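K.L.:
Before I ask anything, here is the structure I am working with.
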Amino acid sequence: LGTGTPRPNPERAGPATAVTVGDRLFLFDAGPAVMRQLAAAKLSIKGAEAAFITHLHSDHTLGYPDLIFTSWVMGRQQSMPVYGPPGLKAMTDHILAAWGEDIEIRTHGLEREAPGGYQVQVHEIQLPTPPDSSSSPKSRTLVVYDSAGVKVTAIPVPHGNWRHAYGYRIDTPDRSIVLSGDTAYSTLILEMSRGVDVLIHEVYPEVRLKPEPRPGGELWPQYMKEFHTSDIEVGRLAAAARPKLLLLHHVVWMGGVEEELIQGVRQGGYDGEVTVGADLGRY
C-alpha cells in the first residue's frame with residue numbers, strides 16, 4: 001500500500017502492507033494515507049481481519065487513527081484486533097480519548113454509526129526478555145495469530161534505540177512471506193526467511209553514506225547503521241536465505257536510484273529475483 005519513509009513523497013505513501021488471503025485482509029503497519037491506499041487498491045475499507053504494527057515510529061503509525069475511525073465510518077461494526085509492541089495500548093487509548101467528541105457525535109448524532117464499532121482489541125506482544133542469541137530461531141519468536149490457515153509469527157529485530165521492534169512471518173495455505181519491518185541486519189530475519197516465497201525488506205543505499213556533505217548530519221551514518229540495513233547487507237542476507245522474491249521496501253533513498261540499490265544487492269551476493277516495491281504494487 002505504501003513504501004515511503006518520513007520524508008513526504010507524493011508518489012509513496014507511508015509504510016503499510018496488505019496481505020490478502022481470498023477475501024481476508026491482514027494489514028502490516030499503518031503509515032500516512034493507509035485508508036486511501038486501501039481504497040485505491042480496491043481492498044476492504046471496513047477494517048482488517050487483524051492488523052500488525054512493527055514498531056511505534058510515527059511514520060508507521062500516523063495512519064492508525066485513520067484506520068480506526070475511517071473503517072468505522074465506512075461500516076465496521078465490531079472491534080478490530082491489532083497486534084504490536086508494548087506501548088500500543090497506551091497509544092490506542094490516547095487516540096480514542098483524543099477523538100472522544102467525534103465518537104460521541106457519530107454514535108448519538110444523525111449518523112448513527114454502530115456503537116462500539118470504533119473499538120480496538122489491542123494485543124501487546126511480549127517476547128522472552130532478553131532472547132538468548134544461542135537458542136534456536138523458533139524459540140526466540142512468537143506466534144501471535146493463528147486462525148483458519150493463516151499464521152503470523154512476531155520476530156524481534158534490532159532497530160537502534162527501540163526496545164521493542166518486530167518483523168513478521170506470515171504463513172498461509174499457499175504462500176510464505178517475511179516482512180522485516182525497520183531493522184538493522186538481523187540474523188533472526190535471515191533464519192526465519194529461509195526459502196520463503198517473498199521477503200519484504202527495508203533498505204538504504206550504502207554508497208550514499210560516503211559522499212560529503214552527509215544528508216542527515218554527522219550522526220547520520222551511525223544512525224543508518226544502527227537502525228537500518230544497507231543494500232549490500234540485504235544482498236548478503238538474501239543470498240543465505242534464498243527467498244523466491246526479494247522485495248525492497250521502505251527505501252531511505254538519500255538521492256539514490258533503483259539501479260543503485262539492485263547493484264548493491266548483487267554486490268552482497270544475491271543473484272535471485274529482486275524488485276523495488278511500488279505503492280499499490282501486487283506481488
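Residue names in the C-alpha cells use chain letters A, B, ... in the order shown, residue numbers from 1 in each chain, and ligand numbers from 1 in the order shown.
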I'd like the contact shell of A:Arg12 - 8 Å cut-off, only C-alpha atoms, skipping same-chain residues fewer than 4 positions apart - returned as number ranges by chain.
P.N.:
A: 2-4, 8, 278-279
K.L.:
Just list the residues in stretch 30-239 of chain A DSSP gives strand (DSSP E or B) on the backbone, as number ranges by chain.
P.N.:
A: 50-52, 80-84, 120-124, 142-147, 150-156, 159, 162, 166-171, 176-179, 198-204, 230
K.L.:
Wanna dump the stretch 75-116 of chain A-stretch 26-33 of chain A contacts at 10 Å for me, each residue with its shortest atom pair and the distance in Å to one decimal, counting only C-alpha atoms, ordered by chain and number, as a tab-separated table?
P.N.:
```
residue	atom	partner	partner_atom	distance
A:Val82	CA	A:Leu27	CA	9.2
A:Tyr83	CA	A:Phe28	CA	9.4
A:Gly84	CA	A:Asp29	CA	9.3
```
K.L.:
Would you mind exporting C-alpha atoms of the selected residues as an mmCIF file, in the first residue's frame?
P.N.:
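out_39.cif, freshly written:
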```
data_model
loop_
_atom_site.group_PDB
_atom_site.id
_atom_site.type_symbol
_atom_site.label_atom_id
_atom_site.label_comp_id
_atom_site.auth_asym_id
_atom_site.auth_seq_id
_atom_site.Cartn_x
_atom_site.Cartn_y
_atom_site.Cartn_z
ATOM 1 C CA VAL A 82 -4.377 -5.068 16.449
ATOM 2 C CA TYR A 83 -1.050 -6.603 17.444
ATOM 3 C CA GLY A 84 2.131 -4.715 18.195
#
```
K.L.:
Tell me which protein, DNA and RNA residues are within 12 Å of A:Ala184, counting only C-alpha atoms, leaving out same-chain ones fewer than 2 positions away, and put them as number ranges by chain.
P.N.:
A: 156-162, 165-167, 180-182, 186-190, 201-204, 222-231, 233-234, 237
K.L.:
For A:Arg163, work out the shell of residues within 12 Å, counting only C-alpha atoms and skipping chain neighbours fewer than 6 positions away, then give it as JSON, numbers by chain.
P.N.:
{"A": [54, 55, 56, 57, 85, 86, 87, 126, 127, 129, 130, 156, 157, 183, 227]}
K.L.:
DSSP on the backbone, helix (DSSP H, G or I) only: what residues of stretch 52-199 of chain A does that give? Format it as a VMD selection string.
P.N.:
chain A and resid 58 to 61 64 to 73 88 to 98 100 to 108 137 to 140 187 to 192
K.L.:
Which is closest to A:Tyr168 among A:Arg36, A:Gln77, A:Ile53, A:Glu191, if we use only C-alpha atoms?
P.N.:
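Nearest candidate to A:Tyr168 out of A:Arg36, A:Gln77, A:Ile53, A:Glu191: A:Ile53.
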K.L.:
Could you list, as a PyMOL selection string, every residue within 12 Å of A:Glu259, counting only C-alpha atoms and ignoring same-chain residues fewer than 4 positions away?
P.N.:
chain A and resi 205+231+253+263-266+274-276
K.L.:
In Å, rounded to a single decimal, give me how far atom CA of A:Val21 is from atom CA of A:Glu113.
P.N.:
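So the answer is 28.2 Å.
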K.L.:
Compile the contact shell of A:Pro173 as a PyMOL selection string: residues with an atom at most 9 Å away, counting only C-alpha atoms, same-chain residues fewer than 3 positions apart removed.
P.N.:
chain A and resi 21+149-150+176
K.L.:
Just write the chosen residues, C-alpha atoms, as a PDB file, in the first residue's frame.
P.N.:
```pdb
ATOM      1  CA  VAL A  21      -5.920 -14.500   1.518  1.00  0.00           C
ATOM      2  CA  GLY A 149      -4.921 -21.368   7.883  1.00  0.00           C
ATOM      3  CA  VAL A 150      -3.192 -18.033   8.464  1.00  0.00           C
ATOM      4  CA  SER A 176       5.074 -17.738   2.983  1.00  0.00           C
TER       5      SER A 176
END
```
K.L.:
Rounded to one decimal place, report the atom CA of A:Ile155-atom CA of A:Val198 distance in Å.
P.N.:
15.8 Å
